[in-house]
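Raw contents of final31.pdb, PDB, C-alpha atoms:
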```
ATOM      1  CA  MET I   1     -95.449  98.213  76.348
ATOM      2  CA  LYS I   2     -98.947  99.340  75.397
ATOM      3  CA  LYS I   3    -100.119  98.887  79.024
ATOM      4  CA  LEU I   4     -97.217 101.002  80.274
ATOM      5  CA  HIS I   5     -98.042 103.713  77.734
ATOM      6  CA  LEU I   6    -101.727 103.775  78.791
ATOM      7  CA  SER I   7    -100.733 103.840  82.472
ATOM      8  CA  LEU I   8     -98.461 106.823  81.890
ATOM      9  CA  ILE I   9    -101.201 108.677  80.011
ATOM     10  CA  ALA I  10    -103.685 107.992  82.818
ATOM     11  CA  MET I  11    -101.191 109.195  85.454
ATOM     12  CA  LEU I  12    -100.452 112.364  83.501
ATOM     13  CA  MET I  13    -104.166 113.097  83.051
ATOM     14  CA  PHE I  14    -104.758 112.651  86.797
ATOM     15  CA  TRP I  15    -101.731 114.779  87.680
ATOM     16  CA  GLN I  16    -102.745 117.539  85.288
ATOM     17  CA  ALA I  17    -106.328 117.642  86.598
ATOM     18  CA  SER I  18    -105.215 117.678  90.217
ATOM     19  CA  ALA I  19    -102.510 120.276  89.557
ATOM     20  CA  PHE I  20    -105.155 122.964  89.084
ATOM     21  CA  ALA I  21    -107.527 121.966  91.906
ATOM     22  CA  LEU I  22    -108.023 124.679  94.493
ATOM     23  CA  GLY I  23    -107.234 123.726  98.057
ATOM     24  CA  LEU I  24    -107.930 125.453 101.356
ATOM     25  CA  GLY I  25    -105.547 124.927 104.277
ATOM     26  CA  ASN I  26    -106.073 125.281 108.016
ATOM     27  CA  VAL I  27    -107.610 128.442 109.453
ATOM     28  CA  GLN I  28    -105.419 130.738 111.543
ATOM     29  CA  LEU I  29    -107.510 132.948 113.804
ATOM     30  CA  HIS I  30    -106.019 136.339 114.794
ATOM     31  CA  SER I  31    -108.865 137.861 116.824
ATOM     32  CA  ARG I  32    -110.809 137.386 120.023
ATOM     33  CA  LEU I  33    -114.394 137.800 121.102
ATOM     34  CA  GLY I  34    -115.315 141.505 120.966
ATOM     35  CA  ASP I  35    -112.841 142.195 118.116
ATOM     36  CA  ILE I  36    -113.298 142.642 114.400
ATOM     37  CA  LEU I  37    -112.764 139.187 112.913
ATOM     38  CA  HIS I  38    -109.449 138.482 111.225
ATOM     39  CA  ALA I  39    -108.646 134.963 110.074
ATOM     40  CA  GLU I  40    -106.346 133.617 107.358
ATOM     41  CA  ILE I  41    -106.518 130.497 105.248
ATOM     42  CA  PRO I  42    -103.794 129.358 102.830
ATOM     43  CA  LEU I  43    -105.169 128.807  99.334
ATOM     44  CA  THR I  44    -103.221 126.324  97.212
ATOM     45  CA  GLY I  45    -103.377 125.063  93.662
ATOM     46  CA  LEU I  46    -103.806 128.389  91.888
ATOM     47  CA  GLY I  47    -101.846 127.022  88.935
ATOM     48  CA  GLN I  48    -101.965 129.408  86.018
ATOM     49  CA  PHE I  49    -104.725 131.575  87.532
ATOM     50  CA  THR I  50    -104.186 135.117  88.776
ATOM     51  CA  LEU I  51    -105.760 136.433  91.967
ATOM     52  CA  ASP I  52    -108.193 138.439  89.830
ATOM     53  CA  GLU I  53    -109.560 135.177  88.421
ATOM     54  CA  ILE I  54    -110.270 133.709  91.868
ATOM     55  CA  LYS I  55    -113.543 134.748  93.527
ATOM     56  CA  VAL I  56    -114.319 134.126  97.204
ATOM     57  CA  GLU I  57    -117.770 134.647  98.655
ATOM     58  CA  ILE I  58    -120.020 133.520 101.443
ATOM     59  CA  GLY I  59    -121.792 130.281 100.571
ATOM     60  CA  HIS I  60    -125.152 130.356  98.841
ATOM     61  CA  PRO I  61    -128.151 129.576 101.089
ATOM     62  CA  ASP I  62    -128.539 126.245  99.235
ATOM     63  CA  THR I  63    -124.952 125.398 100.180
ATOM     64  CA  TYR I  64    -125.766 126.104 103.820
ATOM     65  CA  ARG I  65    -128.840 123.887 103.590
ATOM     66  CA  ASN I  66    -126.856 121.045 101.993
ATOM     67  CA  LEU I  67    -124.186 121.291 104.705
ATOM     68  CA  GLY I  68    -126.749 121.549 107.505
ATOM     69  CA  ILE I  69    -125.515 124.981 108.615
ATOM     70  CA  GLU I  70    -127.832 127.728 109.786
ATOM     71  CA  TYR I  71    -127.611 130.721 107.447
ATOM     72  CA  LEU I  72    -127.387 133.885 109.575
ATOM     73  CA  ALA I  73    -127.586 137.519 108.456
ATOM     74  CA  GLN I  74    -124.288 138.228 110.253
ATOM     75  CA  HIS I  75    -122.499 136.052 107.694
ATOM     76  CA  GLN I  76    -123.093 138.822 105.151
ATOM     77  CA  GLN I  77    -120.775 141.009 107.275
ATOM     78  CA  LEU I  78    -117.802 138.826 106.374
ATOM     79  CA  ARG I  79    -115.319 140.151 103.825
ATOM     80  CA  PHE I  80    -112.759 138.203 101.810
ATOM     81  CA  ARG I  81    -109.460 139.382 100.347
ATOM     82  CA  LEU I  82    -106.729 137.420  98.595
ATOM     83  CA  GLU I  83    -103.052 138.228  98.970
ATOM     84  CA  SER I  84    -100.222 136.726  96.932
ATOM     85  CA  GLY I  85     -98.199 133.999  98.587
ATOM     86  CA  SER I  86     -95.364 131.821  97.388
ATOM     87  CA  ASN I  87     -95.429 129.758  94.171
ATOM     88  CA  ASP I  88     -99.037 128.952  93.276
ATOM     89  CA  GLU I  89    -100.371 129.834  96.730
ATOM     90  CA  ALA I  90    -102.254 132.793  98.193
ATOM     91  CA  ILE I  91    -103.541 133.823 101.595
ATOM     92  CA  LEU I  92    -107.276 134.315 102.037
ATOM     93  CA  HIS I  93    -108.001 137.016 104.644
ATOM     94  CA  ILE I  94    -111.421 136.841 106.264
ATOM     95  CA  THR I  95    -112.559 139.935 108.177
ATOM     96  CA  SER I  96    -115.838 141.263 109.510
ATOM     97  CA  THR I  97    -117.370 144.699 109.226
ATOM     98  CA  HIS I  98    -118.540 144.617 112.870
ATOM     99  CA  ILE I  99    -117.152 143.287 116.113
ATOM    100  CA  ILE I 100    -117.900 139.635 116.829
ATOM    101  CA  LYS I 101    -120.268 139.245 119.777
ATOM    102  CA  GLU I 102    -120.773 135.477 119.629
ATOM    103  CA  PRO I 103    -117.946 133.123 120.691
ATOM    104  CA  PHE I 104    -118.715 130.599 117.931
ATOM    105  CA  LEU I 105    -118.918 131.312 114.192
ATOM    106  CA  HIS I 106    -120.004 128.627 111.756
ATOM    107  CA  PHE I 107    -120.257 129.530 108.072
ATOM    108  CA  ALA I 108    -119.542 128.330 104.546
ATOM    109  CA  ILE I 109    -117.442 129.922 101.810
ATOM    110  CA  GLN I 110    -117.090 129.227  98.116
ATOM    111  CA  VAL I 111    -113.852 129.742  96.197
ATOM    112  CA  ARG I 112    -114.193 129.834  92.403
ATOM    113  CA  SER I 113    -111.624 129.709  89.661
ATOM    114  CA  PRO I 114    -112.419 129.601  85.946
ATOM    115  CA  THR I 115    -112.287 125.779  86.106
ATOM    116  CA  SER I 116    -113.253 124.745  89.637
ATOM    117  CA  LEU I 117    -115.313 125.444  92.722
ATOM    118  CA  ALA I 118    -114.237 124.662  96.289
ATOM    119  CA  THR I 119    -116.737 124.861  99.138
ATOM    120  CA  ARG I 120    -115.515 124.965 102.734
ATOM    121  CA  GLU I 121    -117.377 124.820 106.018
ATOM    122  CA  ILE I 122    -115.596 126.928 108.648
ATOM    123  CA  SER I 123    -116.067 126.800 112.415
ATOM    124  CA  LEU I 124    -114.294 129.339 114.631
ATOM    125  CA  LEU I 125    -114.216 129.452 118.414
ATOM    126  CA  LEU I 126    -113.123 132.881 119.600
ATOM    127  CA  ASP I 127    -111.289 133.225 122.909
ATOM    128  CA  LEU I 128    -112.580 135.637 125.530
ATOM    129  CA  PRO I 129    -110.972 139.099 125.583
ATOM    130  CA  ARG I 130    -107.936 139.488 127.853
TER     131      ARG I 130
END
```
Just give me the structure as structure tokens.
Amino acid sequence: MKKLHLSLIAMLMFWQASAFALGLGNVQLHSRLGDILHAEIPLTGLGQFTLDEIKVEIGHPDTYRNLGIEYLAQHQQLRFRLESGSNDEAILHITSTHIIKEPFLHFAIQVRSPTSLATREISLLLDLPR
């Protein structure tokens, strides 16, 4: 009985810790080469946090170095906005302040909550204009 009790406690601790872990889904790209960038990523695991408590920013240069990504000045032109989704989910909108002239974008973002940090490497291949 004691083993069962300890197993249940361990499972509950794992479940509780994972219940509030931020997660980033697959990128949906809504723009083409020569457009202003617009991409969306589902953000899961918000738990008890509000959108105001979640901060999204371009990765720190050290993050780029650790991931082996070249840090480019154009990455500073990216903007991030969160929009409410269903349950404990949100949609992260990624836009640019200028049109995208290169067909391939490779960058890193960091998503912070009061209790966690998620880093994501993002690669986008933009289709040619129609």
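Considering only C-alpha atoms, the residue among I:Val56, I:Leu128, I:Leu105, I:Leu78 positioned nearest to I:Leu43 is I:Val56.
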Task: Separation of atom CA of I:Leu46 from atom CA of I:Ile122 in Å - done: 20.5 Å
- [ ] Do a neighbour search on I:Ile100 at 12 Å with all atoms listed in the file, toss out local chain neighbours closer than 6 positions, and write the hits as a PyMOL selection string.
- [x] chain I and resi 31-38+74-75+77-78+124-129
Would you save the residues from that selection as a compact mmCIF listing (two decimals), in the coordinates of the input, using C-alpha atoms?
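File produced: result_25.txt:
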```txt
# COMPACT_ATOMS: atom_id res chain seq x y z
CA SER I 31 -108.86 137.86 116.82
CA ARG I 32 -110.81 137.39 120.02
CA LEU I 33 -114.39 137.80 121.10
CA GLY I 34 -115.32 141.50 120.97
CA ASP I 35 -112.84 142.20 118.12
CA ILE I 36 -113.30 142.64 114.40
CA LEU I 37 -112.76 139.19 112.91
CA HIS I 38 -109.45 138.48 111.22
CA GLN I 74 -124.29 138.23 110.25
CA HIS I 75 -122.50 136.05 107.69
CA GLN I 77 -120.78 141.01 107.28
CA LEU I 78 -117.80 138.83 106.37
CA LEU I 124 -114.29 129.34 114.63
CA LEU I 125 -114.22 129.45 118.41
CA LEU I 126 -113.12 132.88 119.60
CA ASP I 127 -111.29 133.22 122.91
CA LEU I 128 -112.58 135.64 125.53
CA PRO I 129 -110.97 139.10 125.58
```
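Counting all atoms listed in the file, the residue from I:Glu53, I:Glu70, I:Glu83, I:Asp88 that sits nearest to I:Pro114 is I:Glu53.
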TODO: Mind checking which residues fall within 12 Å of I:Tyr64, counting all atoms listed in the file, ignoring those fewer than 4 positions away in the same chain, and posting them as a VMD selection string?
DONE: chain I and resid 58 to 60 68 to 72 75 106 to 110 119 to 122
- [ ] Using atom CA of I:Gln76 and atom CA of I:Gly47 as the two end points, give the distance in Å to one decimal.
- [x] 29.2 Å
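With all atoms listed in the file as the atoms that count, the residue of I:Ser96, I:Ser84, I:Arg130, I:Ile91 with the shortest distance to I:Thr50 is I:Ser84.
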Task: From I:Glu102, I:Ser123, I:Asp62, I:Arg79, residue lying nearest I:Asn26 [all atoms listed in the file] - done: I:Ser123
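Distances from I:Leu92, I:Leu67, I:Leu82, I:Ala73 to I:Gln28 were compared using all atoms listed in the file, and the smallest one belongs to I:Leu92.
For the pair atom CA of I:Gly23 and atom CA of I:Ser116, the interatomic distance is 10.4 Å.
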Would you place a box with edges along x, y and z of the file around all atoms of stretch 53-62 of chain I listed there, add 3 Å to each of its six sides, and report the centre and edge lengths in Å to one decimal, as AutoDock Vina command-line options?
```
--center_x -119.0 --center_y 130.7 --center_z 94.9 --size_x 25.0 --size_y 14.9 --size_z 19.0
```
- [ ] Taking the point (-109.5, 132.8, 106.8) as given in the file, collect each protein or nucleic acid residue that comes within 6 Å of it, counting all atoms listed in the file, and present the set as a ChimeraX atom specification.
- [x] /I:27,39-41,92-94
With C-alpha atoms retained, export the selected residues as a short mmCIF file (atom, residue, chain, number, x, y, z; two decimals), keeping the file's coordinate frame.
```cif
data_model
loop_
_atom_site.label_atom_id
_atom_site.label_comp_id
_atom_site.auth_asym_id
_atom_site.auth_seq_id
_atom_site.Cartn_x
_atom_site.Cartn_y
_atom_site.Cartn_z
CA VAL I 27 -107.61 128.44 109.45
CA ALA I 39 -108.65 134.96 110.07
CA GLU I 40 -106.35 133.62 107.36
CA ILE I 41 -106.52 130.50 105.25
CA LEU I 92 -107.28 134.32 102.04
CA HIS I 93 -108.00 137.02 104.64
CA ILE I 94 -111.42 136.84 106.26
#
```
TODO: Run the PyMOL selection byres ((chain I and resi 45) around 10) against the file shown and list the residues it catches, as a PyMOL selection string.
DONE: chain I and resi 18-24+43-44+46-49+87-90
Using C-alpha atoms, can you write the selected residues to a file as a PDB file, in the coordinates of the input?
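out_20.pdb, freshly written:
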```
ATOM      1  CA  SER I  18    -105.215 117.678  90.217  1.00  0.00           C
ATOM      2  CA  ALA I  19    -102.510 120.276  89.557  1.00  0.00           C
ATOM      3  CA  PHE I  20    -105.155 122.964  89.084  1.00  0.00           C
ATOM      4  CA  ALA I  21    -107.527 121.966  91.906  1.00  0.00           C
ATOM      5  CA  LEU I  22    -108.023 124.679  94.493  1.00  0.00           C
ATOM      6  CA  GLY I  23    -107.234 123.726  98.057  1.00  0.00           C
ATOM      7  CA  LEU I  24    -107.930 125.453 101.356  1.00  0.00           C
ATOM      8  CA  LEU I  43    -105.169 128.807  99.334  1.00  0.00           C
ATOM      9  CA  THR I  44    -103.221 126.324  97.212  1.00  0.00           C
ATOM     10  CA  LEU I  46    -103.806 128.389  91.888  1.00  0.00           C
ATOM     11  CA  GLY I  47    -101.846 127.022  88.935  1.00  0.00           C
ATOM     12  CA  GLN I  48    -101.965 129.408  86.018  1.00  0.00           C
ATOM     13  CA  PHE I  49    -104.725 131.575  87.532  1.00  0.00           C
ATOM     14  CA  ASN I  87     -95.429 129.758  94.171  1.00  0.00           C
ATOM     15  CA  ASP I  88     -99.037 128.952  93.276  1.00  0.00           C
ATOM     16  CA  GLU I  89    -100.371 129.834  96.730  1.00  0.00           C
ATOM     17  CA  ALA I  90    -102.254 132.793  98.193  1.00  0.00           C
TER      18      ALA I  90
END
```
